[in-house]
>>> print(open('target02.cif').read())   # mmCIF, C-alpha atoms
data_query
#
loop_
_atom_site.label_atom_id
_atom_site.label_comp_id
_atom_site.auth_asym_id
_atom_site.auth_seq_id
_atom_site.Cartn_x
_atom_site.Cartn_y
_atom_site.Cartn_z
CA MET G 1 -58.17 54.66 -35.06
CA THR G 2 -60.96 53.81 -32.71
CA GLY G 3 -64.57 53.18 -33.38
CA SER G 4 -67.52 52.78 -31.17
CA THR G 5 -71.07 51.80 -31.69
CA ARG G 6 -73.71 52.65 -29.22
CA GLN G 7 -76.81 50.59 -29.01
CA SER G 8 -80.08 52.31 -28.44
CA GLY G 9 -81.63 51.68 -25.08
CA ALA G 10 -84.02 48.78 -25.18
CA GLY G 11 -87.26 50.61 -24.58
CA ASP G 12 -90.19 49.40 -22.56
CA GLN G 13 -92.15 52.10 -24.33
CA ALA G 14 -93.62 51.71 -27.77
CA GLU G 15 -90.88 52.70 -30.22
CA ALA G 16 -91.23 54.36 -33.56
CA PRO G 17 -91.00 52.00 -36.50
CA PRO G 18 -87.44 51.44 -37.75
CA ARG G 19 -86.25 54.10 -40.13
CA ASN G 20 -83.00 55.22 -41.64
CA THR G 21 -83.15 58.78 -40.47
CA ALA G 22 -82.60 59.91 -36.92
CA CYS G 23 -82.06 63.23 -35.18
CA TYR G 24 -78.56 64.57 -34.50
CA VAL G 25 -78.36 66.96 -31.53
CA TYR G 26 -75.67 69.69 -31.46
CA GLY G 27 -76.38 71.70 -28.39
CA ILE G 28 -78.84 73.52 -26.18
CA LEU G 29 -79.61 77.22 -26.41
CA PRO G 30 -82.16 79.74 -25.17
CA GLU G 31 -85.60 79.48 -26.76
CA ASP G 32 -85.42 82.91 -28.42
CA VAL G 33 -82.80 81.90 -30.97
CA GLU G 34 -83.24 81.70 -34.70
CA ILE G 35 -81.05 79.81 -37.12
CA SER G 36 -80.46 80.92 -40.67
CA GLU G 37 -81.99 78.68 -43.30
CA ASP G 38 -78.68 77.89 -44.96
CA ALA G 39 -77.12 76.48 -41.79
CA VAL G 40 -75.98 72.92 -42.40
CA GLY G 41 -74.71 70.22 -40.10
CA VAL G 42 -73.20 66.77 -40.19
CA GLY G 43 -73.78 64.12 -42.84
CA ASP G 44 -73.12 63.63 -46.51
CA PRO G 45 -74.75 65.58 -47.98
CA PRO G 46 -75.04 67.86 -44.95
CA ARG G 47 -78.61 68.35 -43.78
CA ALA G 48 -80.26 71.61 -42.80
CA VAL G 49 -80.04 72.55 -39.14
CA THR G 50 -83.29 73.35 -37.38
CA ILE G 51 -84.47 74.18 -33.88
CA VAL G 52 -86.89 72.48 -31.53
CA ARG G 53 -88.10 74.40 -28.49
CA HIS G 54 -89.50 73.68 -25.08
CA GLY G 55 -90.24 76.39 -22.53
CA GLU G 56 -87.23 78.68 -22.24
CA ILE G 57 -84.79 76.37 -24.00
CA ALA G 58 -84.18 74.89 -27.45
CA ALA G 59 -81.97 72.36 -29.17
CA LEU G 60 -80.09 72.65 -32.46
CA ILE G 61 -80.78 69.49 -34.47
CA SER G 62 -80.57 68.05 -37.97
CA ASP G 63 -81.62 64.83 -39.68
CA VAL G 64 -78.91 62.25 -39.89
CA ASP G 65 -78.65 59.04 -41.85
CA VAL G 66 -78.12 56.20 -39.37
CA ASP G 67 -76.83 53.76 -42.01
CA ARG G 68 -73.56 55.61 -42.43
CA PRO G 69 -70.91 56.19 -39.82
CA LEU G 70 -70.23 59.74 -38.69
CA GLY G 71 -66.86 61.26 -38.01
CA ARG G 72 -65.40 62.40 -41.31
CA ALA G 73 -63.44 65.62 -41.15
CA GLN G 74 -66.36 67.67 -42.44
CA ASP G 75 -68.71 66.16 -39.84
CA LEU G 76 -66.40 67.16 -37.01
CA VAL G 77 -65.85 70.62 -38.39
CA ALA G 78 -69.57 71.11 -39.04
CA HIS G 79 -70.39 70.22 -35.43
CA GLU G 80 -67.87 72.58 -33.93
CA GLN G 81 -68.36 75.39 -36.42
CA LEU G 82 -72.11 75.45 -35.92
CA LEU G 83 -71.77 75.58 -32.14
CA ASP G 84 -68.93 78.09 -32.14
CA GLU G 85 -70.70 80.44 -34.51
CA ALA G 86 -73.75 80.20 -32.29
CA ALA G 87 -71.66 80.70 -29.15
CA ALA G 88 -70.27 83.95 -30.51
CA GLU G 89 -73.84 85.30 -30.39
CA VAL G 90 -75.80 83.46 -27.71
CA PRO G 91 -75.17 81.14 -24.76
CA VAL G 92 -74.80 77.53 -25.90
CA LEU G 93 -74.42 74.26 -24.01
CA PRO G 94 -72.47 72.08 -26.43
CA LEU G 95 -73.08 68.35 -26.66
CA ARG G 96 -70.21 65.99 -27.30
CA PHE G 97 -69.92 64.89 -30.93
CA GLY G 98 -72.17 61.99 -31.89
CA ALA G 99 -75.39 62.63 -29.95
CA VAL G 100 -78.23 61.02 -31.90
CA MET G 101 -81.85 60.49 -30.88
CA THR G 102 -84.77 58.95 -32.70
CA THR G 103 -86.90 62.00 -33.53
CA PRO G 104 -87.22 65.73 -32.86
CA GLU G 105 -90.22 64.89 -30.66
CA ALA G 106 -87.99 62.64 -28.56
CA VAL G 107 -85.48 65.48 -28.19
CA VAL G 108 -88.22 67.62 -26.70
CA GLU G 109 -89.81 64.94 -24.55
CA GLU G 110 -86.72 63.17 -23.26
CA LEU G 111 -83.96 65.77 -23.36
CA LEU G 112 -85.44 69.25 -23.07
CA ALA G 113 -88.54 68.72 -20.95
CA PRO G 114 -87.14 66.58 -18.11
CA HIS G 115 -83.98 68.70 -17.76
CA HIS G 116 -85.52 72.06 -18.60
CA ASP G 117 -84.72 73.85 -15.35
CA SER G 118 -81.10 72.78 -15.05
CA PHE G 119 -80.35 73.56 -18.71
CA ALA G 120 -82.07 76.95 -18.38
CA ALA G 121 -80.07 77.74 -15.24
CA ALA G 122 -76.81 76.71 -16.91
CA LEU G 123 -77.58 78.91 -19.92
CA LYS G 124 -78.08 81.87 -17.58
CA GLN G 125 -74.72 81.12 -15.97
CA ILE G 126 -72.83 81.22 -19.24
CA GLU G 127 -74.72 84.20 -20.68
CA GLY G 128 -72.18 86.77 -21.79
CA ARG G 129 -69.22 84.40 -21.59
CA THR G 130 -67.40 82.34 -24.17
CA GLN G 131 -64.52 79.93 -24.15
CA PHE G 132 -61.06 80.46 -25.56
CA VAL G 133 -58.30 77.87 -25.73
CA LEU G 134 -54.69 78.90 -25.45
CA LYS G 135 -52.29 76.46 -27.08
CA ALA G 136 -48.65 77.20 -26.54
CA ARG G 137 -45.88 75.02 -27.94
CA TYR G 138 -42.14 75.21 -27.41
CA ALA G 139 -40.20 75.74 -30.60
CA GLU G 140 -38.03 72.68 -31.03
CA GLN G 141 -34.51 73.98 -31.25
CA PRO G 142 -34.74 76.61 -28.51
CA VAL G 143 -36.27 74.20 -26.01
CA LEU G 144 -33.71 71.51 -26.78
CA VAL G 145 -30.89 73.99 -26.33
CA GLU G 146 -32.46 75.08 -23.03
CA VAL G 147 -32.68 71.51 -21.85
CA LEU G 148 -29.06 70.77 -22.76
CA THR G 149 -27.97 73.97 -21.09
CA GLU G 150 -29.75 73.21 -17.88
CA ASN G 151 -29.06 69.51 -17.51
CA ALA G 152 -25.63 67.89 -17.28
CA GLU G 153 -26.86 64.34 -17.75
CA ALA G 154 -28.54 65.30 -21.02
CA ARG G 155 -25.30 66.86 -22.28
CA GLN G 156 -23.30 63.77 -21.32
CA LEU G 157 -25.77 61.43 -23.01
CA ARG G 158 -25.68 63.53 -26.15
CA GLU G 159 -21.88 63.44 -26.28
CA ARG G 160 -21.82 59.69 -25.77
CA ILE G 161 -24.42 59.10 -28.47
CA ARG G 162 -22.52 61.26 -30.92
CA GLN G 163 -19.28 59.37 -30.32
CA LEU G 164 -20.66 55.86 -30.77
CA PRO G 165 -22.31 54.06 -33.69
CA GLU G 166 -26.08 54.39 -33.65
CA GLU G 167 -26.72 50.66 -33.32
CA VAL G 168 -25.07 50.46 -29.89
CA THR G 169 -26.71 53.54 -28.32
CA ARG G 170 -30.39 52.65 -28.39
CA ASN G 171 -30.61 52.57 -24.59
CA GLU G 172 -28.79 55.89 -24.29
CA ARG G 173 -31.03 57.45 -26.91
CA ILE G 174 -34.15 56.25 -25.12
CA ARG G 175 -32.80 57.54 -21.83
CA LEU G 176 -31.94 60.90 -23.39
CA GLY G 177 -35.40 61.21 -24.95
CA GLU G 178 -37.07 60.24 -21.70
CA LEU G 179 -35.01 62.80 -19.82
CA ILE G 180 -35.89 65.50 -22.34
CA THR G 181 -39.57 64.57 -22.06
CA GLN G 182 -39.37 64.91 -18.28
CA LEU G 183 -37.52 68.21 -18.42
CA ILE G 184 -40.02 69.62 -20.90
CA ALA G 185 -42.87 68.38 -18.72
CA ALA G 186 -41.41 70.32 -15.80
CA LYS G 187 -41.19 73.44 -17.96
CA ARG G 188 -44.76 72.86 -19.12
CA GLU G 189 -45.94 72.59 -15.52
CA ALA G 190 -44.28 75.88 -14.59
CA ASP G 191 -45.36 77.73 -17.74
CA THR G 192 -48.94 76.45 -17.47
CA GLN G 193 -49.22 77.68 -13.89
CA ALA G 194 -47.73 81.00 -14.95
CA VAL G 195 -50.26 81.32 -17.77
CA VAL G 196 -53.23 80.49 -15.55
CA GLY G 197 -52.06 82.97 -12.93
CA ARG G 198 -51.34 85.65 -15.46
CA PHE G 199 -54.80 85.49 -17.04
CA GLU G 200 -56.69 85.08 -13.79
CA PRO G 201 -57.64 88.79 -13.62
CA PHE G 202 -59.26 88.64 -17.08
CA THR G 203 -61.00 85.27 -16.95
CA ALA G 204 -64.00 83.76 -15.19
CA GLY G 205 -62.56 80.26 -15.15
CA ALA G 206 -59.68 78.11 -16.38
CA VAL G 207 -59.38 74.41 -17.15
CA VAL G 208 -55.94 72.95 -17.79
CA ARG G 209 -56.17 70.44 -20.63
CA ASP G 210 -53.93 67.44 -21.15
CA PRO G 211 -51.02 68.22 -23.43
CA SER G 212 -51.77 67.41 -27.07
CA HIS G 213 -48.12 67.31 -28.11
CA GLU G 214 -44.81 66.47 -26.46
CA ARG G 215 -43.62 70.05 -26.86
CA ASP G 216 -46.74 71.68 -25.44
CA ALA G 217 -45.90 74.58 -23.14
CA ALA G 218 -49.50 75.20 -22.05
CA HIS G 219 -52.92 73.96 -23.14
CA VAL G 220 -55.60 75.79 -21.19
CA ALA G 221 -59.28 76.55 -21.75
CA PHE G 222 -60.44 79.91 -20.40
CA LEU G 223 -63.94 81.20 -19.85
CA VAL G 224 -63.95 84.88 -20.75
CA GLU G 225 -66.65 87.47 -20.15
CA ASP G 226 -67.52 89.41 -23.27
CA ASP G 227 -66.55 92.74 -21.74
CA ARG G 228 -63.12 91.39 -20.70
CA GLN G 229 -62.40 89.84 -24.08
CA ALA G 230 -60.34 92.77 -25.33
CA ASP G 231 -58.24 92.76 -22.14
CA PHE G 232 -57.78 89.03 -22.41
CA GLU G 233 -56.68 89.18 -26.03
CA ARG G 234 -54.30 92.01 -25.24
CA ALA G 235 -52.75 89.91 -22.47
CA VAL G 236 -52.33 87.01 -24.90
CA GLY G 237 -50.56 89.36 -27.28
CA GLU G 238 -48.20 90.47 -24.52
CA LEU G 239 -47.45 86.88 -23.60
CA ARG G 240 -46.77 86.10 -27.25
CA SER G 241 -44.25 88.91 -27.60
CA GLU G 242 -42.60 88.07 -24.27
CA TRP G 243 -42.09 84.48 -25.29
CA GLY G 244 -40.97 85.45 -28.76
CA ASP G 245 -39.40 82.66 -30.76
CA ARG G 246 -39.20 80.38 -27.75
CA VAL G 247 -42.89 79.46 -27.76
CA GLU G 248 -45.53 79.53 -30.45
CA VAL G 249 -48.80 80.80 -28.97
CA ARG G 250 -52.15 80.16 -30.61
CA LEU G 251 -55.51 81.36 -29.37
CA LEU G 252 -58.64 79.47 -30.44
CA GLY G 253 -62.08 80.96 -30.01
CA PRO G 254 -64.51 82.29 -29.17
CA MET G 255 -66.07 78.87 -28.91
CA ALA G 256 -68.85 77.15 -27.02
CA PRO G 257 -67.88 76.38 -23.39
CA TYR G 258 -67.04 72.70 -23.98
CA ASP G 259 -64.61 72.56 -21.08
CA PHE G 260 -66.91 74.27 -18.59
CA VAL G 261 -70.06 72.23 -18.91
CA THR G 262 -70.07 69.02 -16.98
CA THR G 263 -72.60 66.27 -17.13
CA MET D 1 -75.79 69.16 -15.10
CA THR D 2 -73.73 72.04 -13.89
CA VAL D 3 -71.65 74.79 -15.29
CA ALA D 4 -68.41 74.84 -13.38
CA VAL D 5 -68.20 78.59 -13.02
CA PRO D 6 -69.55 81.20 -10.66
CA PRO D 7 -72.72 82.98 -11.83
CA ALA D 8 -72.57 86.43 -13.38
CA GLY D 9 -74.31 88.57 -15.94
CA GLY D 10 -72.80 90.04 -19.05
CA GLY D 11 -73.37 91.81 -22.30
CA GLY D 12 -73.63 90.32 -25.75
CA LEU D 13 -70.78 91.61 -27.81
CA PRO D 14 -70.27 89.52 -30.89
CA GLY D 15 -66.97 87.73 -30.77
CA ARG D 16 -64.52 87.07 -33.51
CA SER D 17 -63.23 83.68 -34.40
CA SER D 18 -59.81 82.55 -35.35
CA GLY D 19 -59.14 79.53 -37.48
CA SER D 20 -58.42 76.18 -35.92
CA GLY D 21 -57.17 72.98 -37.44
CA LEU D 22 -59.02 69.72 -37.32
CA ALA D 23 -56.68 68.44 -34.63
CA ASP D 24 -57.92 71.28 -32.45
CA VAL D 25 -61.51 70.39 -33.26
CA ILE D 26 -60.88 66.79 -32.27
CA ASP D 27 -59.32 67.87 -28.98
CA THR D 28 -62.48 69.74 -28.20
CA ILE D 29 -65.58 67.95 -29.43
CA LEU D 30 -64.71 64.29 -28.98
CA ASP D 31 -64.16 64.32 -25.25
CA LYS D 32 -65.57 67.61 -24.03
CA GLY D 33 -69.15 68.84 -23.87
CA LEU D 34 -72.29 67.32 -22.44
CA VAL D 35 -72.75 63.58 -22.84
CA ILE D 36 -76.23 62.85 -24.10
CA ASP D 37 -76.33 59.36 -22.58
CA ALA D 38 -76.48 60.99 -19.18
CA TYR D 39 -79.83 62.58 -20.01
CA VAL D 40 -81.53 60.25 -22.43
CA ARG D 41 -82.18 56.53 -22.20
CA VAL D 42 -85.04 55.38 -24.37
CA SER D 43 -84.65 57.29 -27.60
CA LEU D 44 -80.90 57.15 -27.88
CA VAL D 45 -79.81 55.94 -31.30
CA GLY D 46 -76.66 53.94 -31.78
CA ILE D 47 -74.64 55.27 -34.69
CA GLU D 48 -71.14 54.30 -35.64
CA ILE D 49 -68.62 57.02 -34.92
CA LEU D 50 -65.37 56.95 -36.82
CA THR D 51 -62.96 58.89 -34.73
CA ILE D 52 -59.59 59.82 -36.00
CA ASP D 53 -57.30 59.24 -33.09
CA VAL D 54 -54.47 61.63 -33.73
CA ARG D 55 -53.77 62.28 -30.10
CA VAL D 56 -50.17 61.69 -29.29
CA VAL D 57 -49.05 59.46 -26.50
CA VAL D 58 -46.71 62.02 -25.08
CA ALA D 59 -44.42 59.62 -23.24
CA SER D 60 -43.51 56.81 -25.60
CA VAL D 61 -40.32 55.21 -26.86
CA ASP D 62 -41.01 56.70 -30.28
CA THR D 63 -41.17 60.16 -28.76
CA TYR D 64 -37.96 59.52 -26.85
CA LEU D 65 -36.09 58.37 -29.94
CA ARG D 66 -37.32 61.37 -31.93
CA PHE D 67 -36.14 63.75 -29.22
CA ALA D 68 -32.78 62.02 -29.04
CA GLU D 69 -32.36 62.27 -32.78
CA ALA D 70 -33.26 65.95 -32.75
CA VAL D 71 -30.79 66.66 -29.97
CA ASN D 72 -28.14 64.66 -31.73
CA ARG D 73 -28.56 66.66 -34.92
CA LEU D 74 -28.74 69.94 -33.10
CA ASP D 75 -25.88 71.98 -34.46
CA LEU D 76 -24.70 73.77 -31.39
CA ALA D 77 -21.80 75.30 -33.31
CA SER D 78 -24.30 77.31 -35.36
CA GLN D 79 -25.86 78.72 -32.23
CA LYS D 80 -24.60 82.11 -31.22
CA GLN D 81 -23.00 80.67 -28.14
CA GLY D 82 -21.35 77.37 -27.36
CA LEU D 83 -22.57 75.13 -24.60
CA PRO D 84 -20.25 76.45 -21.87
CA ASP D 85 -21.51 79.97 -22.48
CA LEU D 86 -25.07 78.76 -22.56
CA LEU D 87 -24.69 77.49 -19.04
CA SER D 88 -24.79 80.97 -17.67
CA SER D 89 -27.35 82.49 -19.98
CA ALA D 90 -31.06 82.91 -19.48
CA PRO D 91 -33.27 80.52 -21.43
CA GLN D 92 -34.97 83.38 -23.27
CA SER D 93 -31.72 84.52 -24.78
CA VAL D 94 -30.72 81.34 -26.53
CA ALA D 95 -31.08 80.14 -30.05
CA ARG D 96 -33.48 81.48 -32.54
CA GLY D 97 -34.56 78.12 -33.83
CA LYS D 98 -36.79 77.03 -36.59
CA THR D 99 -40.18 76.24 -35.16
CA LYS D 100 -40.30 73.11 -37.22
CA GLY D 101 -37.41 70.78 -36.93
CA MET D 102 -36.70 67.24 -37.82
CA VAL D 103 -38.91 66.06 -35.06
CA GLN D 104 -42.37 66.21 -36.46
CA GLY D 105 -44.94 64.95 -34.00
CA VAL D 106 -47.47 62.48 -35.23
CA LEU D 107 -50.20 64.85 -34.21
CA GLU D 108 -48.70 67.72 -36.10
CA ALA D 109 -48.37 65.68 -39.27
CA ALA D 110 -51.86 64.31 -38.99
CA GLY D 111 -53.17 67.71 -38.09
CA GLU D 112 -51.72 69.25 -41.19
CA LYS D 113 -53.20 66.63 -43.41
CA LEU D 114 -56.56 67.15 -41.78
CA GLN D 115 -56.10 70.89 -41.99
CA ASP D 116 -55.96 70.51 -45.75
CA MET D 117 -59.20 68.61 -45.64
CA ARG D 118 -60.75 71.31 -43.57
CA GLU D 119 -59.58 74.09 -45.79
CA SER D 120 -61.50 72.67 -48.68
CA TYR D 121 -64.64 73.26 -46.66
CA ALA D 122 -63.73 76.67 -45.41
CA ASP D 123 -65.54 78.46 -48.20
CA GLU D 124 -68.92 77.01 -47.39
CA PRO D 125 -71.53 79.40 -46.07
CA VAL D 126 -71.12 79.98 -42.38
CA PRO D 127 -74.16 79.02 -40.37
CA ARG D 128 -75.20 81.44 -37.72
CA ALA D 129 -77.58 81.31 -34.89
CA ARG D 130 -78.94 84.53 -33.62
CA ARG D 131 -81.26 85.72 -30.96
CA ARG D 132 -84.65 86.56 -32.27
CA ARG D 133 -84.52 89.96 -30.63
CA ARG D 134 -81.47 90.82 -32.68
CA GLU D 135 -81.79 92.10 -36.18
CA ASP D 136 -80.48 89.75 -38.78
CA ASP D 137 -78.15 91.17 -41.38
#
>>> encode(input="target02.cif", output="structure tokens")
Amino acid sequence: MTGSTRQSGAGDQAEAPPRNTACYVYGILPEDVEISEDAVGVGDPPRAVTIVRHGEIAALISDVDVDRPLGRAQDLVAHEQLLDEAAAEVPVLPLRFGAVMTTPEAVVEELLAPHHDSFAAALKQIEGRTQFVLKARYAEQPVLVEVLTENAEARQLRERIRQLPEEVTRNERIRLGELITQLIAAKREADTQAVVGRFEPFTAGAVVRDPSHERDAAHVAFLVEDDRQADFERAVGELRSEWGDRVEVRLLGPMAPYDFVTT
Amino acid sequence: MTVAVPPAGGGGLPGRSSGSGLADVIDTILDKGLVIDAYVRVSLVGIEILTIDVRVVVASVDTYLRFAEAVNRLDLASQKQGLPDLLSSAPQSVARGKTKGMVQGVLEAAGEKLQDMRESYADEPVPRARRRRREDD
């Protein structure tokens, strides 16, 4: 569990009087976007999501109560769901969770206006493209059998551990686990490279993510053009059937291009 | 601010979404995306963020001991082949295992719990943003 509190910048400018409501910012979109009236965002109760515009760009925002911490499950899901639903329809530059400014006017004056041209250019770049994340995880028993099959030291450690009482084999068990972790990491490296190479013809970009689990086989974000999406999904299906029971493959998306926007 | 991809045009086919657990959401929105602090100074508001840190430290003694235990309990006799035979077989051909064994990663466990939490919100109306030039439903 970690927590962080950001202090507002000490302003030389005249600041608005203190108030309990501030303005949560989800992401940046083209100006010609409309949001349905029942769209809700973070907070308890969730507040209505609205749009502020400047020139060719706009920001998705909602009121947020600054007295209460953010980060409950429904806050996180609301943030991503709103952006991902939007990203399925229009280009979106997603902000990291937890972006809060004083007022909608400040969003326009300090976020949209000064950075208008670079945001507008970035939106043009991602037009017609969305992100998918491929998460592949080795099934436990098959990968452990593979590892034992391929590595003599692992087999020997296992035999030794099985022959001795548990209380005297802690070092051997740690060594065995470490070895397995390393061997799986090597498999992950190879399988991740294979996945990136395999999808290269269907994707406009790939970002390899850190593993989120010790049995991860691949964790890669892909940027996919809308008209290649069917090809991409077909290729994922082929990978899934090739790997069979050895690896569980999940595909997340379409989602906003979180991994492809950089500050 | 840059988008780390080459420029190109494209159509606007609506995509389809597949479900994702809260652990997946956390992987994505807590350390990816644009950082507002890089753009805004004066009107930034400090708000406490409770983050649920379910990310696993992949290389830890706990992980090692869990792997060792799983290997120790692995019933090789129930596999179709014994170890000596396995030595000469391709990885793809071995062992149809359960995908969930005795080793249950911290992330997986936490993720499932959080998944339950998420599911209770899954029925809420889905917000949608659309281009003005498109017809709404």
>>> resolve_selection(input="target02.cif", expression="the PyMOL selection byres ((chain G and resi 206-208) around 10)", output="PyMOL selection string")
(chain G and resi 131-134+192-193+196-197+199-200+203-205+209-211+218-224+259-260) or (chain D and resi 4-5)
>>> resolve_selection(input="target02.cif", expression="the PyMOL selection byres ((chain G and resi 153) around 12)", output="PyMOL selection string")
chain G and resi 147-152+154-160+172+175-180+183
>>> atom_distance(input="target02.cif", atom1="CA of Ala22 in chain G", atom2="CA of Met101 in chain G")
6.1 Å
>>> residues_around(input="target02.cif", residues="Gly55 in chain G", least_positions_apart="6", cutoff="10 Å", atoms="all atoms listed in the file", output="list of chain:residue names")
G:Pro30, G:Glu31, G:Val108, G:Leu112, G:Ala113, G:His116, G:Asp117, G:Ala120
>>> residues_near_point(input="target02.cif", point="(-74.5, 65.2, -29.8)", cutoff="10 Å", atoms="only C-alpha atoms", output="PyMOL selection string")
(chain G and resi 23-27+60-61+79+94-101) or (chain D and resi 29-30+33-37)
>>> resolve_selection(input="target02.cif", expression="the PyMOL selection byres ((chain G and resi 228) around 10)", output="list of chain:residue names")
G:Arg129, G:Pro201, G:Phe202, G:Thr203, G:Ala204, G:Val224, G:Glu225, G:Asp226, G:Asp227, G:Gln229, G:Ala230, G:Asp231, G:Phe232, G:Glu233, G:Arg234, D:Gly10
>>> closest_residue(input="target02.cif", among="G:Pro257, G:Pro114, G:Pro69, G:Gly244", to="chain D", atoms="all atoms listed in the file")
G:Pro69
>>> atom_distance(input="target02.cif", atom1="CA of Pro91 in chain G", atom2="CA of Val52 in chain G")
16.1 Å
>>> atom_distance(input="target02.cif", atom1="CA of Asp38 in chain G", atom2="CA of Asp27 in chain D")
27.0 Å
>>> closest_residue(input="target02.cif", among="G:Val236, G:Ala106, G:Val168, G:Val145", to="Arg73 in chain D", atoms="all atoms listed in the file")
G:Val145
>>> closest_residue(input="target02.cif", among="G:Glu166, G:Asp84, G:Asp65, G:Glu214", to="chain D", atoms="only C-alpha atoms")
G:Glu214
>>> residues_near_point(input="target02.cif", point="(-48.8, 83.1, -20.8)", cutoff="7 Å", atoms="only C-alpha atoms", output="MDAnalysis selection string")
chainID G and resid 194:195 198 236 239
>>> closest_residue(input="target02.cif", among="G:Val77, G:Ala235, G:Ile51, G:Ala59", to="chain D", atoms="all atoms listed in the file")
G:Val77
>>> closest_residue(input="target02.cif", among="G:Val261, G:Val66, G:Ala121, G:Ala88", to="Leu44 in chain D", atoms="only C-alpha atoms")
G:Val66
>>> closest_residue(input="target02.cif", among="G:Ile28, G:Ala39, G:Leu82, G:Val64", to="His115 in chain G", atoms="all atoms listed in the file")
G:Ile28
